[in-house]
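*Asks:* What follows is protein_26.pdb, PDB, C-alpha atoms and all ligand atoms.
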MODEL        1
ATOM      1  CA  MET A   1     -25.019   0.230   7.384
ATOM      2  CA  ARG A   2     -21.424   1.290   7.218
ATOM      3  CA  TYR A   3     -18.680  -0.789   5.630
ATOM      4  CA  ILE A   4     -16.245  -0.220   8.426
ATOM      5  CA  ALA A   5     -14.568  -3.572   7.821
ATOM      6  CA  ALA A   6     -13.716  -2.597   4.231
ATOM      7  CA  PRO A   7     -13.142   1.166   4.247
ATOM      8  CA  TRP A   8     -11.507   1.220   0.828
ATOM      9  CA  ARG A   9     -14.922   0.625  -0.713
ATOM     10  CA  ALA A  10     -15.350   4.395  -0.449
ATOM     11  CA  ASP A  11     -12.635   4.727  -3.075
ATOM     12  CA  TYR A  12     -14.732   2.782  -5.559
ATOM     13  CA  VAL A  13     -17.898   4.681  -4.735
ATOM     14  CA  ARG A  14     -16.228   8.030  -5.326
ATOM     15  CA  ARG A  15     -14.433   7.179  -8.538
ATOM     16  CA  GLY A  16     -17.189   5.161 -10.097
ATOM     17  CA  PRO A  17     -16.634   2.070 -12.213
ATOM     18  CA  THR A  18     -13.298   1.049 -13.634
ATOM     19  CA  THR A  19     -11.341   3.182 -16.043
ATOM     20  CA  LYS A  20      -9.386   1.821 -18.996
ATOM     21  CA  ARG A  21      -5.894   2.777 -17.894
ATOM     22  CA  CYS A  22      -4.160   0.808 -15.152
ATOM     23  CA  ILE A  23      -2.946   3.155 -12.413
ATOM     24  CA  PHE A  24      -0.599   0.466 -11.066
ATOM     25  CA  CYS A  25       1.198  -0.156 -14.351
ATOM     26  CA  GLU A  26       1.392   3.606 -14.898
ATOM     27  CA  ALA A  27       2.893   4.222 -11.443
ATOM     28  CA  LEU A  28       5.416   1.449 -12.047
ATOM     29  CA  LYS A  29       6.468   2.909 -15.415
ATOM     30  CA  ASN A  30       6.760   6.426 -13.989
ATOM     31  CA  GLY A  31      10.440   7.196 -13.396
ATOM     32  CA  ASP A  32       9.548   9.740 -10.703
ATOM     33  CA  ASP A  33       8.651   7.841  -7.520
ATOM     34  CA  ARG A  34       7.494  10.961  -5.737
ATOM     35  CA  ALA A  35       5.101  11.925  -8.526
ATOM     36  CA  ALA A  36       3.858   8.347  -8.703
ATOM     37  CA  ALA A  37       3.657   8.132  -4.874
ATOM     38  CA  VAL A  38       5.738   4.924  -4.908
ATOM     39  CA  VAL A  39       7.499   4.306  -1.578
ATOM     40  CA  TRP A  40       9.029   0.870  -2.199
ATOM     41  CA  ARG A  41      10.063  -1.132  -5.233
ATOM     42  CA  GLY A  42      10.680  -4.771  -4.440
ATOM     43  CA  ARG A  43      11.688  -7.633  -6.711
ATOM     44  CA  HIS A  44       8.109  -8.714  -7.516
ATOM     45  CA  ASN A  45       5.883  -6.125  -5.847
ATOM     46  CA  PHE A  46       5.822  -2.445  -5.090
ATOM     47  CA  ILE A  47       4.151  -0.195  -2.523
ATOM     48  CA  LEU A  48       2.420   3.082  -3.292
ATOM     49  CA  LEU A  49       0.197   5.586  -1.523
ATOM     50  CA  ASN A  50      -3.520   5.588  -2.204
ATOM     51  CA  ARG A  51      -4.415   8.948  -3.772
ATOM     52  CA  PHE A  52      -7.817   8.839  -2.069
ATOM     53  CA  PRO A  53      -6.725   7.748   1.398
ATOM     54  CA  TYR A  54      -9.293   6.587   3.868
ATOM     55  CA  THR A  55      -6.895   7.679   6.603
ATOM     56  CA  PRO A  56      -3.368   9.119   6.293
ATOM     57  CA  GLY A  57      -0.839   6.451   5.447
ATOM     58  CA  HIS A  58      -3.299   4.349   3.387
ATOM     59  CA  LEU A  59      -0.942   2.165   1.322
ATOM     60  CA  MET A  60      -1.399  -0.337  -1.474
ATOM     61  CA  ILE A  61       0.888  -3.269  -2.243
ATOM     62  CA  SER A  62       0.690  -4.550  -5.778
ATOM     63  CA  PRO A  63       2.523  -7.026  -8.021
ATOM     64  CA  LYS A  64       4.771  -5.606 -10.720
ATOM     65  CA  ARG A  65       3.079  -7.670 -13.404
ATOM     66  CA  HIS A  66      -0.428  -6.818 -14.552
ATOM     67  CA  LEU A  67      -2.381  -9.616 -12.949
ATOM     68  CA  ALA A  68      -6.038  -9.554 -11.906
ATOM     69  CA  ASP A  69      -6.339 -12.793  -9.994
ATOM     70  CA  PHE A  70      -4.384 -13.199  -6.768
ATOM     71  CA  ALA A  71      -5.034 -16.959  -6.942
ATOM     72  CA  LYS A  72      -2.699 -16.976  -9.972
ATOM     73  CA  ALA A  73       0.151 -15.191  -8.170
ATOM     74  CA  GLY A  74       3.441 -17.083  -8.121
ATOM     75  CA  VAL A  75       5.160 -18.335  -4.977
ATOM     76  CA  ALA A  76       7.804 -15.597  -5.048
ATOM     77  CA  GLU A  77       5.142 -12.927  -5.612
ATOM     78  CA  ARG A  78       2.984 -14.014  -2.723
ATOM     79  CA  ASN A  79       5.893 -14.614  -0.348
ATOM     80  CA  GLU A  80       7.257 -11.159  -0.988
ATOM     81  CA  LEU A  81       3.744  -9.730  -0.543
ATOM     82  CA  ALA A  82       3.597 -11.214   2.967
ATOM     83  CA  GLU A  83       7.000  -9.725   3.754
ATOM     84  CA  LEU A  84       5.897  -6.318   2.464
ATOM     85  CA  ILE A  85       2.705  -6.402   4.548
ATOM     86  CA  GLN A  86       4.859  -6.822   7.647
ATOM     87  CA  ARG A  87       7.180  -4.036   6.575
ATOM     88  CA  ALA A  88       4.303  -1.657   5.806
ATOM     89  CA  LEU A  89       2.621  -2.376   9.149
ATOM     90  CA  ARG A  90       5.880  -1.747  10.982
ATOM     91  CA  ILE A  91       6.592   1.514   9.198
ATOM     92  CA  LEU A  92       3.035   2.827   9.466
ATOM     93  CA  GLY A  93       3.086   1.960  13.161
ATOM     94  CA  ARG A  94       6.206   4.056  13.629
ATOM     95  CA  ALA A  95       4.991   6.949  11.483
ATOM     96  CA  TYR A  96       1.390   7.244  12.668
ATOM     97  CA  GLY A  97       0.951   5.124  15.776
ATOM     98  CA  PRO A  98      -2.529   3.935  14.749
ATOM     99  CA  GLN A  99      -4.653   1.844  17.092
ATOM    100  CA  GLY A 100      -5.294  -0.779  14.427
ATOM    101  CA  PHE A 101      -5.159  -1.611  10.723
ATOM    102  CA  ASN A 102      -7.340  -2.952   7.965
ATOM    103  CA  ALA A 103      -5.417  -5.066   5.475
ATOM    104  CA  GLY A 104      -7.179  -6.701   2.572
ATOM    105  CA  MET A 105      -8.078  -7.007  -1.082
ATOM    106  CA  ASN A 106     -11.161  -6.326  -3.146
ATOM    107  CA  LEU A 107     -11.080  -8.823  -6.005
ATOM    108  CA  GLY A 108     -13.551  -8.005  -8.782
ATOM    109  CA  ALA A 109     -15.855  -5.025  -9.307
ATOM    110  CA  SER A 110     -18.700  -6.528  -7.288
ATOM    111  CA  ALA A 111     -16.288  -6.830  -4.357
ATOM    112  CA  GLY A 112     -15.606  -3.115  -4.592
ATOM    113  CA  ALA A 113     -12.362  -3.049  -6.584
ATOM    114  CA  GLY A 114     -11.828   0.294  -8.314
ATOM    115  CA  VAL A 115      -9.126  -1.249 -10.508
ATOM    116  CA  THR A 116     -10.110  -4.804 -11.400
ATOM    117  CA  GLY A 117      -7.305  -5.782 -13.774
ATOM    118  CA  HIS A 118      -4.389  -5.496 -11.357
ATOM    119  CA  TYR A 119      -4.815  -6.881  -7.851
ATOM    120  CA  HIS A 120      -3.632  -4.838  -4.879
ATOM    121  CA  LEU A 121      -3.750  -5.139  -1.128
ATOM    122  CA  HIS A 122      -4.856  -2.132   0.915
ATOM    123  CA  ILE A 123      -3.349  -1.313   4.285
ATOM    124  CA  VAL A 124      -5.345   1.299   6.169
ATOM    125  CA  PRO A 125      -4.259   2.646   9.569
ATOM    126  CA  ARG A 126      -7.268   2.953  11.891
ATOM    127  CA  TRP A 127      -8.142   4.928  14.975
ATOM    128  CA  ALA A 128     -11.136   4.475  17.225
ATOM    129  CA  GLY A 129     -13.914   6.692  15.959
ATOM    130  CA  ASP A 130     -12.271   7.551  12.644
ATOM    131  CA  SER A 131     -15.373   6.489  10.709
ATOM    132  CA  ASN A 132     -17.964   7.931  13.079
ATOM    133  CA  PHE A 133     -17.497  11.423  11.700
ATOM    134  CA  MET A 134     -18.294  10.480   8.142
ATOM    135  CA  PRO A 135     -22.089  10.938   8.256
ATOM    136  CA  LEU A 136     -21.570  14.355   9.842
ATOM    137  CA  VAL A 137     -19.347  15.698   7.137
ATOM    138  CA  GLY A 138     -21.052  14.130   4.155
ATOM    139  CA  GLY A 139     -18.427  11.551   3.314
ATOM    140  CA  THR A 140     -15.441  13.871   3.604
ATOM    141  CA  ARG A 141     -12.429  12.377   5.289
ATOM    142  CA  VAL A 142     -11.863  13.160   8.931
ATOM    143  CA  PHE A 143      -8.096  12.975   8.889
ATOM    144  CA  ILE A 144      -6.796  15.095   6.089
ATOM    145  CA  GLU A 145      -3.148  14.999   5.207
ATOM    146  CA  ASP A 146      -1.710  16.177   1.924
ATOM    147  CA  LEU A 147      -0.457  13.233  -0.138
ATOM    148  CA  ASP A 148       2.996  14.744  -0.501
ATOM    149  CA  THR A 149       3.236  15.209   3.277
ATOM    150  CA  THR A 150       2.451  11.515   3.683
ATOM    151  CA  TYR A 151       5.062  10.671   1.054
ATOM    152  CA  GLN A 152       7.723  12.811   2.756
ATOM    153  CA  LYS A 153       6.949  11.082   6.029
ATOM    154  CA  LEU A 154       6.958   7.490   4.774
ATOM    155  CA  ARG A 155       9.534   7.371   1.988
ATOM    156  CA  PRO A 156      12.512   8.092   4.320
ATOM    157  CA  LEU A 157      11.367   5.287   6.617
ATOM    158  CA  PHE A 158      11.215   2.835   3.709
ATOM    159  CA  ASP A 159      14.635   4.086   2.536
ATOM    160  CA  GLN A 160      16.047   3.510   6.031
ATOM    161  CA  GLU A 161      14.680  -0.013   5.912
ATOM    162  CA  ARG A 162      16.290  -0.578   2.527
ATOM    163  CA  ARG A 163      19.698   0.605   3.792
ATOM    164  CA  ARG A 164      19.380  -1.566   6.888
ATOM    165  CA  ARG A 165      18.613  -4.597   4.713
ATOM    166  CA  GLU A 166      21.507  -3.826   2.382
ATOM    167  CA  ARG A 167      23.908  -3.601   5.341
ATOM    168  CA  ALA A 168      22.557  -6.871   6.733
ATOM    169  CA  GLY A 169      22.950  -8.478   3.299
ATOM    170  CA  ARG A 170      26.597  -7.378   3.052
ATOM    171  CA  ALA A 171      27.311  -8.642   6.569
ATOM    172  CA  THR A 172      25.763 -12.007   5.716
ATOM    173  CA  ARG A 173      27.838 -12.263   2.544
ATOM    174  CA  ARG A 174      31.011 -11.422   4.477
ATOM    175  CA  ALA A 175      30.184 -13.987   7.135
ATOM    176  CA  THR A 176      29.537 -16.730   4.580
ATOM    177  CA  THR A 177      32.531 -15.961   2.339
ATOM    178  CA  PRO A 178      35.286 -18.427   3.250
ATOM    179  CA  SER A 179      38.481 -16.654   4.350
ATOM    180  CA  ARG A 180      42.012 -17.988   4.037
TER     181      ARG A 180
HETATM  182 ZN    ZN A 201      -1.593  -3.059 -14.372
ENDMDL
END
Take the structure from the file and write it as structure tokens.
*Replies:*
Amino acid sequence: MRYIAAPWRADYVRRGPTTKRCIFCEALKNGDDRAAAVVWRGRHNFILLNRFPYTPGHLMISPKRHLADFAKAGVAERNELAELIQRALRILGRAYGPQGFNAGMNLGASAGAGVTGHYHLHIVPRWAGDSNFMPLVGGTRVFIEDLDTTYQKLRPLFDQERRRRERAGRATRRATTPSR
């Protein structure tokens, strides 16, 4: 049986049980976004590349605060998460043109979470047949793309989005500022 519906389980299998350090808090503290593979820093959440991608463009969206239980996320945190899911899907669609996506969370070790202390939502671009090769190559990924190549592809698209939003924000402020 293959866990096609939850491909990020492979991440857990390869790395083994949880480690002490929190990779999300470490990425957030890292001042070098490229080294930390962070493509977006929002107000409450951030987006980073998965270092063991199931397919190229495998992203994770995570809250800035160290929080294990998504049920305890605040309104602003979860609203921004929904917005970032849309943004990530849009950008991955433009960058990779996948035929589909998996988007979801593993909450708790028994659910397959590699990092249990800090919840994160995986977004995995999918293509028909992308998992069929796995038995043939002994678990090695079919689509290989260097992490830095993925970063160089996606970061400019997120930056474009940020500039577009900033321009829209300025236009809105101008439009709502009363003039004499
Ligand atoms: Zn953390």
*Asks:* Using all atoms listed in the file, which residues of the polymer chains come no farther than 7 Å from ligand ZN 201 (chain A)? I'd like the answer as a list in words.
*Replies:*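 So, counting all atoms listed in the file, the residues near ligand ZN 201 (chain A) are Cys22, Ile23, Phe24, Cys25, Arg65, His66, Leu67, Gly117 and His118 of chain A.
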*Asks:* List, as a ChimeraX atom specification, every residue that the PyMOL selection byres (((chain A and resi 49) around 12) and not hetatm) selects in the file provided.
*Replies:* /A:23-24,27,33-40,46-48,50-62,88,92,120-124,146-155
*Asks:* Grab the residues selected above and save them as an mmCIF file, in the coordinates of the input with C-alpha atoms.
*Replies:*
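Saved as again-v7.cif:
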data_model
loop_
_atom_site.group_PDB
_atom_site.id
_atom_site.type_symbol
_atom_site.label_atom_id
_atom_site.label_comp_id
_atom_site.auth_asym_id
_atom_site.auth_seq_id
_atom_site.Cartn_x
_atom_site.Cartn_y
_atom_site.Cartn_z
ATOM 1 C CA ILE A 23 -2.946 3.155 -12.413
ATOM 2 C CA PHE A 24 -0.599 0.466 -11.066
ATOM 3 C CA ALA A 27 2.893 4.222 -11.443
ATOM 4 C CA ASP A 33 8.651 7.841 -7.520
ATOM 5 C CA ARG A 34 7.494 10.961 -5.737
ATOM 6 C CA ALA A 35 5.101 11.925 -8.526
ATOM 7 C CA ALA A 36 3.858 8.347 -8.703
ATOM 8 C CA ALA A 37 3.657 8.132 -4.874
ATOM 9 C CA VAL A 38 5.738 4.924 -4.908
ATOM 10 C CA VAL A 39 7.499 4.306 -1.578
ATOM 11 C CA TRP A 40 9.029 0.870 -2.199
ATOM 12 C CA PHE A 46 5.822 -2.445 -5.090
ATOM 13 C CA ILE A 47 4.151 -0.195 -2.523
ATOM 14 C CA LEU A 48 2.420 3.082 -3.292
ATOM 15 C CA ASN A 50 -3.520 5.588 -2.204
ATOM 16 C CA ARG A 51 -4.415 8.948 -3.772
ATOM 17 C CA PHE A 52 -7.817 8.839 -2.069
ATOM 18 C CA PRO A 53 -6.725 7.748 1.398
ATOM 19 C CA TYR A 54 -9.293 6.587 3.868
ATOM 20 C CA THR A 55 -6.895 7.679 6.603
ATOM 21 C CA PRO A 56 -3.368 9.119 6.293
ATOM 22 C CA GLY A 57 -0.839 6.451 5.447
ATOM 23 C CA HIS A 58 -3.299 4.349 3.387
ATOM 24 C CA LEU A 59 -0.942 2.165 1.322
ATOM 25 C CA MET A 60 -1.399 -0.337 -1.474
ATOM 26 C CA ILE A 61 0.888 -3.269 -2.243
ATOM 27 C CA SER A 62 0.690 -4.550 -5.778
ATOM 28 C CA ALA A 88 4.303 -1.657 5.806
ATOM 29 C CA LEU A 92 3.035 2.827 9.466
ATOM 30 C CA HIS A 120 -3.632 -4.838 -4.879
ATOM 31 C CA LEU A 121 -3.750 -5.139 -1.128
ATOM 32 C CA HIS A 122 -4.856 -2.132 0.915
ATOM 33 C CA ILE A 123 -3.349 -1.313 4.285
ATOM 34 C CA VAL A 124 -5.345 1.299 6.169
ATOM 35 C CA ASP A 146 -1.710 16.177 1.924
ATOM 36 C CA LEU A 147 -0.457 13.233 -0.138
ATOM 37 C CA ASP A 148 2.996 14.744 -0.501
ATOM 38 C CA THR A 149 3.236 15.209 3.277
ATOM 39 C CA THR A 150 2.451 11.515 3.683
ATOM 40 C CA TYR A 151 5.062 10.671 1.054
ATOM 41 C CA GLN A 152 7.723 12.811 2.756
ATOM 42 C CA LYS A 153 6.949 11.082 6.029
ATOM 43 C CA LEU A 154 6.958 7.490 4.774
ATOM 44 C CA ARG A 155 9.534 7.371 1.988
#
*Asks:* Residues at most 12 Å from Gly97 (chain A), counting only C-alpha atoms, excluding those fewer than 4 positions away in the same chain, as a PyMOL selection string?
*Replies:* chain A and resi 56-57+89-93+101+125-127
*Asks:* Output C-alpha atoms for every residue in that selection, as a PDB file, in the frame of the given file.
*Replies:*
ATOM      1  CA  PRO A  56      -3.368   9.119   6.293  1.00  0.00           C
ATOM      2  CA  GLY A  57      -0.839   6.451   5.447  1.00  0.00           C
ATOM      3  CA  LEU A  89       2.621  -2.376   9.149  1.00  0.00           C
ATOM      4  CA  ARG A  90       5.880  -1.747  10.982  1.00  0.00           C
ATOM      5  CA  ILE A  91       6.592   1.514   9.198  1.00  0.00           C
ATOM      6  CA  LEU A  92       3.035   2.827   9.466  1.00  0.00           C
ATOM      7  CA  GLY A  93       3.086   1.960  13.161  1.00  0.00           C
ATOM      8  CA  PHE A 101      -5.159  -1.611  10.723  1.00  0.00           C
ATOM      9  CA  PRO A 125      -4.259   2.646   9.569  1.00  0.00           C
ATOM     10  CA  ARG A 126      -7.268   2.953  11.891  1.00  0.00           C
ATOM     11  CA  TRP A 127      -8.142   4.928  14.975  1.00  0.00           C
TER      12      TRP A 127
END
*Asks:* Grab the CA of Leu107 (chain A) to CA of Lys29 (chain A) distance for me, in Å with one decimal place.
*Replies:*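 So the two atoms, CA of Leu107 (chain A) and CA of Lys29 (chain A), lie 23.1 Å apart.
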*Asks:* Pick the closest to Tyr119 (chain A) from A:Arg78, A:Arg167, A:Arg162, A:Lys20: which is it, counting only C-alpha atoms?
*Replies:*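 Among the listed residues, A:Arg78 lies closest to Tyr119 (chain A).
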*Asks:* So what do you get for CA of Ala82 (chain A) versus CA of Asn45 (chain A), distance-wise?
*Replies:*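 Atom-to-atom, CA of Ala82 (chain A) and CA of Asn45 (chain A) are spaced 10.4 Å apart.
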*Asks:* Kindly give the distance, in Å, that separates CA of Arg174 (chain A) and CA of Ile85 (chain A), rounded to a single decimal.
*Replies:* 28.7 Å
